Structures are given as structure tokens and as C-alpha cells.
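Structure data follow from start-v7.cif (mmCIF, C-alpha atoms):
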data_upload
#
loop_
_atom_site.group_PDB
_atom_site.id
_atom_site.type_symbol
_atom_site.label_atom_id
_atom_site.label_comp_id
_atom_site.auth_asym_id
_atom_site.auth_seq_id
_atom_site.Cartn_x
_atom_site.Cartn_y
_atom_site.Cartn_z
ATOM 1 C CA MET A 22 -4.809 21.543 -18.232
ATOM 2 C CA GLU A 23 -7.682 19.796 -16.464
ATOM 3 C CA ASN A 24 -6.219 16.382 -17.243
ATOM 4 C CA ARG A 25 -3.132 17.367 -15.221
ATOM 5 C CA ILE A 26 -5.149 18.092 -12.073
ATOM 6 C CA GLU A 27 -7.241 15.701 -9.994
ATOM 7 C CA LEU A 28 -9.237 15.882 -6.810
ATOM 8 C CA PHE A 29 -9.138 12.967 -4.372
ATOM 9 C CA ARG A 30 -11.030 12.586 -1.128
ATOM 10 C CA GLY A 31 -9.237 10.322 1.296
ATOM 11 C CA ASP A 32 -5.945 9.561 2.988
ATOM 12 C CA ILE A 33 -2.882 11.146 1.364
ATOM 13 C CA THR A 34 -0.616 8.510 2.959
ATOM 14 C CA LYS A 35 -2.234 5.805 0.787
ATOM 15 C CA LEU A 36 -1.511 7.473 -2.565
ATOM 16 C CA ASN A 37 1.045 5.931 -4.890
ATOM 17 C CA THR A 38 2.503 9.115 -6.377
ATOM 18 C CA ASP A 39 6.088 10.192 -6.915
ATOM 19 C CA ALA A 40 5.678 12.637 -4.013
ATOM 20 C CA ILE A 41 3.211 13.718 -1.400
ATOM 21 C CA VAL A 42 3.376 17.094 0.263
ATOM 22 C CA ASN A 43 3.414 17.340 4.033
ATOM 23 C CA ALA A 44 1.818 20.373 5.675
ATOM 24 C CA ALA A 45 4.574 20.534 8.281
ATOM 25 C CA ASN A 46 5.554 22.820 11.124
ATOM 26 C CA ASN A 47 8.839 24.739 11.177
ATOM 27 C CA ASN A 48 10.821 22.065 13.009
ATOM 28 C CA LEU A 49 9.761 19.281 10.550
ATOM 29 C CA LEU A 50 9.641 16.808 13.441
ATOM 30 C CA GLY A 51 6.001 15.766 13.150
ATOM 31 C CA GLY A 52 2.877 17.164 14.698
ATOM 32 C CA GLY A 53 -0.863 16.776 14.415
ATOM 33 C CA GLY A 54 -3.163 16.442 11.439
ATOM 34 C CA VAL A 55 -1.677 15.409 8.111
ATOM 35 C CA ASP A 56 1.859 15.982 9.444
ATOM 36 C CA GLY A 57 1.392 13.405 12.194
ATOM 37 C CA ALA A 58 -0.329 10.959 9.833
ATOM 38 C CA ILE A 59 2.542 11.154 7.330
ATOM 39 C CA HIS A 60 5.181 10.676 10.028
ATOM 40 C CA ARG A 61 3.317 7.690 11.525
ATOM 41 C CA ALA A 62 2.828 6.024 8.134
ATOM 42 C CA ALA A 63 6.409 6.634 6.939
ATOM 43 C CA GLY A 64 8.070 5.271 10.062
ATOM 44 C CA LYS A 65 10.860 6.508 12.303
ATOM 45 C CA GLU A 66 13.319 6.858 9.410
ATOM 46 C CA LEU A 67 11.411 9.919 8.183
ATOM 47 C CA LEU A 68 11.829 11.639 11.532
ATOM 48 C CA GLU A 69 15.544 10.763 11.531
ATOM 49 C CA GLU A 70 16.029 12.325 8.076
ATOM 50 C CA CYS A 71 13.955 15.388 9.019
ATOM 51 C CA ARG A 72 16.215 15.992 12.038
ATOM 52 C CA LEU A 73 19.102 16.492 9.582
ATOM 53 C CA LEU A 74 17.268 19.254 7.681
ATOM 54 C CA ASN A 75 17.444 21.829 10.499
ATOM 55 C CA GLY A 76 13.828 22.897 10.079
ATOM 56 C CA CYS A 77 12.160 24.872 7.324
ATOM 57 C CA ALA A 78 11.074 28.486 6.965
ATOM 58 C CA THR A 79 7.410 29.365 6.516
ATOM 59 C CA GLY A 80 6.623 29.430 2.791
ATOM 60 C CA ASP A 81 9.584 27.205 1.900
ATOM 61 C CA ALA A 82 9.840 23.445 1.301
ATOM 62 C CA LYS A 83 12.333 20.593 1.697
ATOM 63 C CA ILE A 84 12.373 17.037 0.330
ATOM 64 C CA THR A 85 12.998 13.671 1.973
ATOM 65 C CA LYS A 86 12.567 10.021 1.072
ATOM 66 C CA ALA A 87 9.125 8.567 1.842
ATOM 67 C CA TYR A 88 10.299 5.350 3.543
ATOM 68 C CA LYS A 89 7.262 3.132 4.303
ATOM 69 C CA LEU A 90 4.817 5.293 2.318
ATOM 70 C CA PRO A 91 3.773 4.138 -1.190
ATOM 71 C CA SER A 92 5.149 7.380 -2.664
ATOM 72 C CA LYS A 93 8.873 7.889 -3.318
ATOM 73 C CA PHE A 94 9.321 11.298 -1.680
ATOM 74 C CA VAL A 95 7.778 13.613 0.874
ATOM 75 C CA ILE A 96 8.026 17.339 0.242
ATOM 76 C CA HIS A 97 7.612 19.154 3.543
ATOM 77 C CA THR A 98 6.264 22.688 3.380
ATOM 78 C CA VAL A 99 5.432 25.081 6.179
ATOM 79 C CA GLY A 100 2.278 27.099 5.708
ATOM 80 C CA PRO A 101 1.490 30.327 7.521
ATOM 81 C CA VAL A 102 -0.577 30.535 10.656
ATOM 82 C CA TRP A 103 -3.576 32.668 9.639
ATOM 83 C CA SER A 104 -3.244 36.200 10.985
ATOM 84 C CA GLY A 105 -5.336 38.128 8.479
ATOM 85 C CA ARG A 106 -2.280 39.974 7.151
ATOM 86 C CA GLU A 107 -1.609 40.310 3.434
ATOM 87 C CA ASP A 108 1.569 38.235 3.611
ATOM 88 C CA ASP A 109 -0.440 35.164 4.719
ATOM 89 C CA ALA A 110 -1.605 34.668 1.121
ATOM 90 C CA GLN A 111 1.900 35.176 -0.309
ATOM 91 C CA LEU A 112 3.393 32.670 2.132
ATOM 92 C CA LEU A 113 0.718 30.087 1.336
ATOM 93 C CA LYS A 114 1.206 30.557 -2.414
ATOM 94 C CA SER A 115 4.938 30.139 -1.861
ATOM 95 C CA CYS A 116 4.314 26.742 -0.200
ATOM 96 C CA TYR A 117 2.719 25.448 -3.401
ATOM 97 C CA ILE A 118 5.242 27.052 -5.767
ATOM 98 C CA ARG A 119 8.313 25.940 -3.770
ATOM 99 C CA SER A 120 6.922 22.393 -3.490
ATOM 100 C CA LEU A 121 6.353 22.265 -7.244
ATOM 101 C CA GLU A 122 9.812 23.710 -7.971
ATOM 102 C CA ILE A 123 11.463 21.093 -5.750
ATOM 103 C CA ALA A 124 9.363 18.387 -7.410
ATOM 104 C CA ALA A 125 10.466 19.520 -10.872
ATOM 105 C CA GLU A 126 14.129 19.705 -9.776
ATOM 106 C CA ASN A 127 13.907 16.090 -8.582
ATOM 107 C CA GLY A 128 12.215 14.661 -11.680
ATOM 108 C CA ILE A 129 8.893 14.133 -9.897
ATOM 109 C CA LYS A 130 6.007 13.661 -12.331
ATOM 110 C CA THR A 131 3.081 13.155 -9.925
ATOM 111 C CA ILE A 132 2.526 15.072 -6.687
ATOM 112 C CA ALA A 133 -0.288 15.169 -4.135
ATOM 113 C CA PHE A 134 -1.089 18.193 -1.953
ATOM 114 C CA PRO A 135 -3.116 18.252 1.259
ATOM 115 C CA ASN A 136 -4.987 21.361 2.402
ATOM 116 C CA ILE A 137 -2.086 23.470 3.653
ATOM 117 C CA SER A 138 -2.691 25.722 6.684
ATOM 118 C CA THR A 139 -6.459 25.124 6.901
ATOM 119 C CA GLY A 140 -6.389 22.935 10.010
ATOM 120 C CA VAL A 141 -4.801 24.119 13.246
ATOM 121 C CA TYR A 142 -3.288 27.108 11.382
ATOM 122 C CA HIS A 143 -6.857 28.356 10.709
ATOM 123 C CA PHE A 144 -6.388 29.683 7.158
ATOM 124 C CA PRO A 145 -9.908 30.176 5.695
ATOM 125 C CA LYS A 146 -10.617 27.120 3.541
ATOM 126 C CA GLU A 147 -12.170 28.951 0.596
ATOM 127 C CA GLU A 148 -9.319 31.451 0.331
ATOM 128 C CA ALA A 149 -6.709 28.715 0.755
ATOM 129 C CA GLY A 150 -8.324 26.708 -2.046
ATOM 130 C CA LYS A 151 -8.268 29.703 -4.385
ATOM 131 C CA ILE A 152 -4.595 30.302 -3.628
ATOM 132 C CA ALA A 153 -3.721 26.631 -4.176
ATOM 133 C CA ALA A 154 -5.587 26.412 -7.496
ATOM 134 C CA ALA A 155 -4.097 29.677 -8.782
ATOM 135 C CA ALA A 156 -0.559 28.682 -7.756
ATOM 136 C CA VAL A 157 -0.754 25.340 -9.563
ATOM 137 C CA LYS A 158 -2.312 26.941 -12.623
ATOM 138 C CA SER A 159 0.438 29.578 -12.834
ATOM 139 C CA PHE A 160 3.142 26.941 -12.335
ATOM 140 C CA PHE A 161 1.698 24.810 -15.157
ATOM 141 C CA GLU A 162 1.821 27.761 -17.557
ATOM 142 C CA ASN A 163 5.629 27.746 -17.489
ATOM 143 C CA ASN A 164 6.475 24.182 -16.521
ATOM 144 C CA LYS A 165 5.634 20.969 -18.333
ATOM 145 C CA THR A 166 7.750 18.536 -16.298
ATOM 146 C CA ILE A 167 5.091 17.729 -13.711
ATOM 147 C CA GLU A 168 2.395 15.589 -15.276
ATOM 148 C CA LYS A 169 -0.186 15.443 -12.495
ATOM 149 C CA VAL A 170 -1.147 17.356 -9.363
ATOM 150 C CA ILE A 171 -3.652 15.755 -7.033
ATOM 151 C CA PHE A 172 -5.437 17.886 -4.447
ATOM 152 C CA VAL A 173 -6.225 15.571 -1.549
ATOM 153 C CA VAL A 174 -9.054 16.556 0.762
ATOM 154 C CA PHE A 175 -10.249 14.780 3.861
ATOM 155 C CA ASP A 176 -13.553 16.484 4.645
ATOM 156 C CA ASP A 177 -16.704 17.251 2.697
ATOM 157 C CA GLU A 178 -16.363 21.036 3.058
ATOM 158 C CA ASN A 179 -12.957 21.085 1.320
ATOM 159 C CA PHE A 180 -14.168 18.549 -1.243
ATOM 160 C CA GLN A 181 -17.017 20.873 -2.254
ATOM 161 C CA ILE A 182 -14.718 23.924 -2.313
ATOM 162 C CA TYR A 183 -12.111 22.255 -4.535
ATOM 163 C CA LYS A 184 -14.702 20.659 -6.789
ATOM 164 C CA ARG A 185 -16.137 24.103 -7.491
ATOM 165 C CA LEU A 186 -12.757 25.871 -7.786
ATOM 166 C CA LEU A 187 -11.254 23.314 -10.110
ATOM 167 C CA ARG A 188 -14.285 23.407 -12.374
ATOM 168 C CA LEU A 189 -14.179 27.216 -12.477
ATOM 169 C CA ASN A 190 -10.435 27.501 -12.980
ATOM 170 C CA PHE A 191 -9.510 24.545 -15.142
ATOM 171 C CA ASN A 192 -12.417 23.281 -17.242
ATOM 172 C CA GLU A 193 -12.389 26.218 -19.630
#

Represent the structure from my file as C-alpha cells, please.
Amino acid sequence: MENRIELFRGDITKLNTDAIVNAANNNLLGGGGVDGAIHRAAGKELLEECRLLNGCATGDAKITKAYKLPSKFVIHTVGPVWSGREDDAQLLKSCYIRSLEIAAENGIKTIAFPNISTGVYHFPKEEAGKIAAAAVKSFFENNKTIEKVIFVVFDDENFQIYKRLLRLNFNE
């Protein structure tokens, strides 16, 4: 399984994958952080297509073309704002699972995920990393269509967290 998962530190908008995942807000019309970076890099056509989607529920995901990005698609998912409630973890897990399901339905073989909900939504980074790793691992147990998942981190703290989690969970 470890050869199906990679860790990359850098800019998700530069990756040449079938799809990148956007940590979006409910209206899907752009925002700060990775959401804003993806919208800026993709161009105004992405915003125009997102307007047609009528938003997205927390824990769900929707797909668009990637326009000026090197990837083919953007899968937009809306993570939970951290509240400390039990459903925060379920909603975050759902972001990963729904994104992977949509990827599989669309014949996507390679997909890159940012750190969902750990920026302005304040989800604890360590817990979010555990949820992300477990969600991908469980998806891979029953689905062979996706060949590679890349966890993309931007900062050293998340890089160290994912490096440790991926070693613990996948290099068995």
C-alpha cells in the first residue's frame, strides 16, 4: 500500500495529477489559503463553473475541470470548522472518502489532498492527519481504481506529522 501513497511538501497547484482536492468553503466561490491559491491558479473559468454547482455541504465534495492548472480536475470538499464535537471527525473523514469516491467514479488514477480544515477552520493538525491517513487506508482496502494519493503539505509541522503517520500506518 505504501507505493500508492506519497507525501509532497510544496504547492498543490503545481502538481500534474489527474485531480487535486480543494479545501473549499460551502459556497465554493474561493476564499483564503489553498482555496484562494487554487482559484487564482485555475483562472476565472473555475469560479464560473463553481457558481453553477450551488455550493457544497460540509463533508461532501463536488468536481470541476481544472482549467489553467496542470491537473485535469479539481475536487472541492468542505471540511468542518473545528468545534470539538464528535461529528467534526466524521465530517472530516467524509471529506476524504467523498473525494475519493468522486475520483473513482470519474476514472481518476492520481489525486492530491491538501490539509483539510487545519488552517482557518482550526482542526488540530495531528488529529486531522490521523483521520486523513485512516480514511485513505480504509478506502484502499476496498478500491483498487485509484493508483496514487499524494498528501500535500505546505509547512514543516504538517510535513513532520504526515511523515510519522504514513510510516506508522503504511510501511508495515

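In terms of minimum interatomic distance to Glu69 (chain A), A:Leu50 ranks closest within A:Val157, A:Leu186, A:Leu50, A:Cys116, counting all atoms listed in the file.
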
Could you produce a table of the residues of region 37-64 of chain A lying within 9 Å of region 125-146 of chain A, with the nearest pair of atoms per residue and their separation in Å rounded to one decimal, using all atoms listed in the file, ordered by chain and increasing residue number, as CSV?
residue,atom,partner,partner_atom,distance
A:Thr38,CA,A:Thr131,CA,5.4
A:Asp39,CA,A:Thr131,CA,5.2
A:Ala40,CA,A:Ile132,CA,4.8
A:Ile41,CA,A:Ala133,CA,4.7
A:Val42,CA,A:Phe134,CA,5.1
A:Asn43,CA,A:Pro135,CA,7.2
A:Ala44,CA,A:Ile137,CA,5.4
A:Ala45,CA,A:Ile137,CA,8.6
A:Gly53,CA,A:Val141,CA,8.4
A:Gly54,CA,A:Gly140,CA,7.4
A:Val55,CA,A:Pro135,CA,7.6

Nearest-residue call for Thr166 (chain A), choices A:Ile123, A:Ile33, A:Asn179, A:Leu187, using only C-alpha atoms: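 Counting only C-alpha atoms, the residue closest to Thr166 (chain A) is A:Ile123.
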
Arg25 (chain A): which residues within 7 Å, counting all atoms listed in the file, same-chain residues fewer than 5 positions away excluded, as number ranges by chain? A: 168-170

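With distances restricted to all atoms listed in the file, A:Val173 is the closest residue to Ile26 (chain A) from A:Glu70, A:Ala63, A:Val173, A:Ser115.
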
Between A:Ala110, A:Ile171, A:Leu121, A:Leu67, which one has atoms that come closest to Ala149 (chain A), using only C-alpha atoms?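 Of the candidates, the smallest distance to Ala149 (chain A) is held by A:Ala110.
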
Closest atom pairs, region 101-165 of chain A residues within 9 Å of region 80-85 of chain A, all atoms listed in the file, as CSV:
residue,atom,partner,partner_atom,distance
A:Pro101,CA,A:Gly80,CA,7.0
A:Gln111,CA,A:Gly80,CA,8.1
A:Leu112,CA,A:Gly80,CA,4.6
A:Leu113,CA,A:Gly80,CA,6.1
A:Lys114,CA,A:Gly80,CA,7.6
A:Ser115,CA,A:Gly80,CA,5.0
A:Cys116,CA,A:Gly80,CA,4.6
A:Tyr117,CA,A:Gly80,CA,8.3
A:Ile118,CA,A:Asp81,CA,8.8
A:Arg119,CA,A:Ala82,CA,5.9
A:Ser120,CA,A:Ala82,CA,5.7
A:Ile123,CA,A:Ile84,CA,7.4
A:Ala124,CA,A:Ile84,CA,8.4

Contacts of Val174 (chain A) at 8 Å or less, counting all atoms listed in the file, minus same-chain residues fewer than 2 places along, as number ranges by chain? A: 28-32, 135-136, 172, 176-177, 179-180

Keeping C-alpha atoms, export the residues of the selection given above as a PDB file, in the frame of the given file.
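Ended up saving to out12.pdb:
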ATOM      1  CA  LEU A  28      -9.237  15.882  -6.810  1.00  0.00           C
ATOM      2  CA  PHE A  29      -9.138  12.967  -4.372  1.00  0.00           C
ATOM      3  CA  ARG A  30     -11.030  12.586  -1.128  1.00  0.00           C
ATOM      4  CA  GLY A  31      -9.237  10.322   1.296  1.00  0.00           C
ATOM      5  CA  ASP A  32      -5.945   9.561   2.988  1.00  0.00           C
ATOM      6  CA  PRO A 135      -3.116  18.252   1.259  1.00  0.00           C
ATOM      7  CA  ASN A 136      -4.987  21.361   2.402  1.00  0.00           C
ATOM      8  CA  PHE A 172      -5.437  17.886  -4.447  1.00  0.00           C
ATOM      9  CA  ASP A 176     -13.553  16.484   4.645  1.00  0.00           C
ATOM     10  CA  ASP A 177     -16.704  17.251   2.697  1.00  0.00           C
ATOM     11  CA  ASN A 179     -12.957  21.085   1.320  1.00  0.00           C
ATOM     12  CA  PHE A 180     -14.168  18.549  -1.243  1.00  0.00           C
TER      13      PHE A 180
END

Two-atom distance - CA of Glu27 (chain A), CA of Phe160 (chain A) (Å):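 Answer for the CA of Glu27 (chain A) to CA of Phe160 (chain A) separation: 15.5 Å.
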
Could you tell me which of A:Asn37, A:Asn47, A:Ser92, A:Asn24 comes closest to Ala78 (chain A) if we count all atoms listed in the file? A:Asn47

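Picture a line from CA of Asn164 (chain A) to CA of Leu49 (chain A); it runs 27.7 Å.
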
Contact residues around Lys89 (chain A) with only C-alpha atoms at 10 Å, ignoring same-chain residues under 5 positions, as a PyMOL selection string: chain A and resi 34+59-67

Residue with the minimum atom-to-atom distance to Asn48 (chain A), picked from A:Arg188, A:Lys93, A:Lys158, A:Arg72 with only C-alpha atoms counted, is A:Arg72

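From CA of Phe94 (chain A) back to CA of Glu162 (chain A), the distance works out to 24.1 Å.
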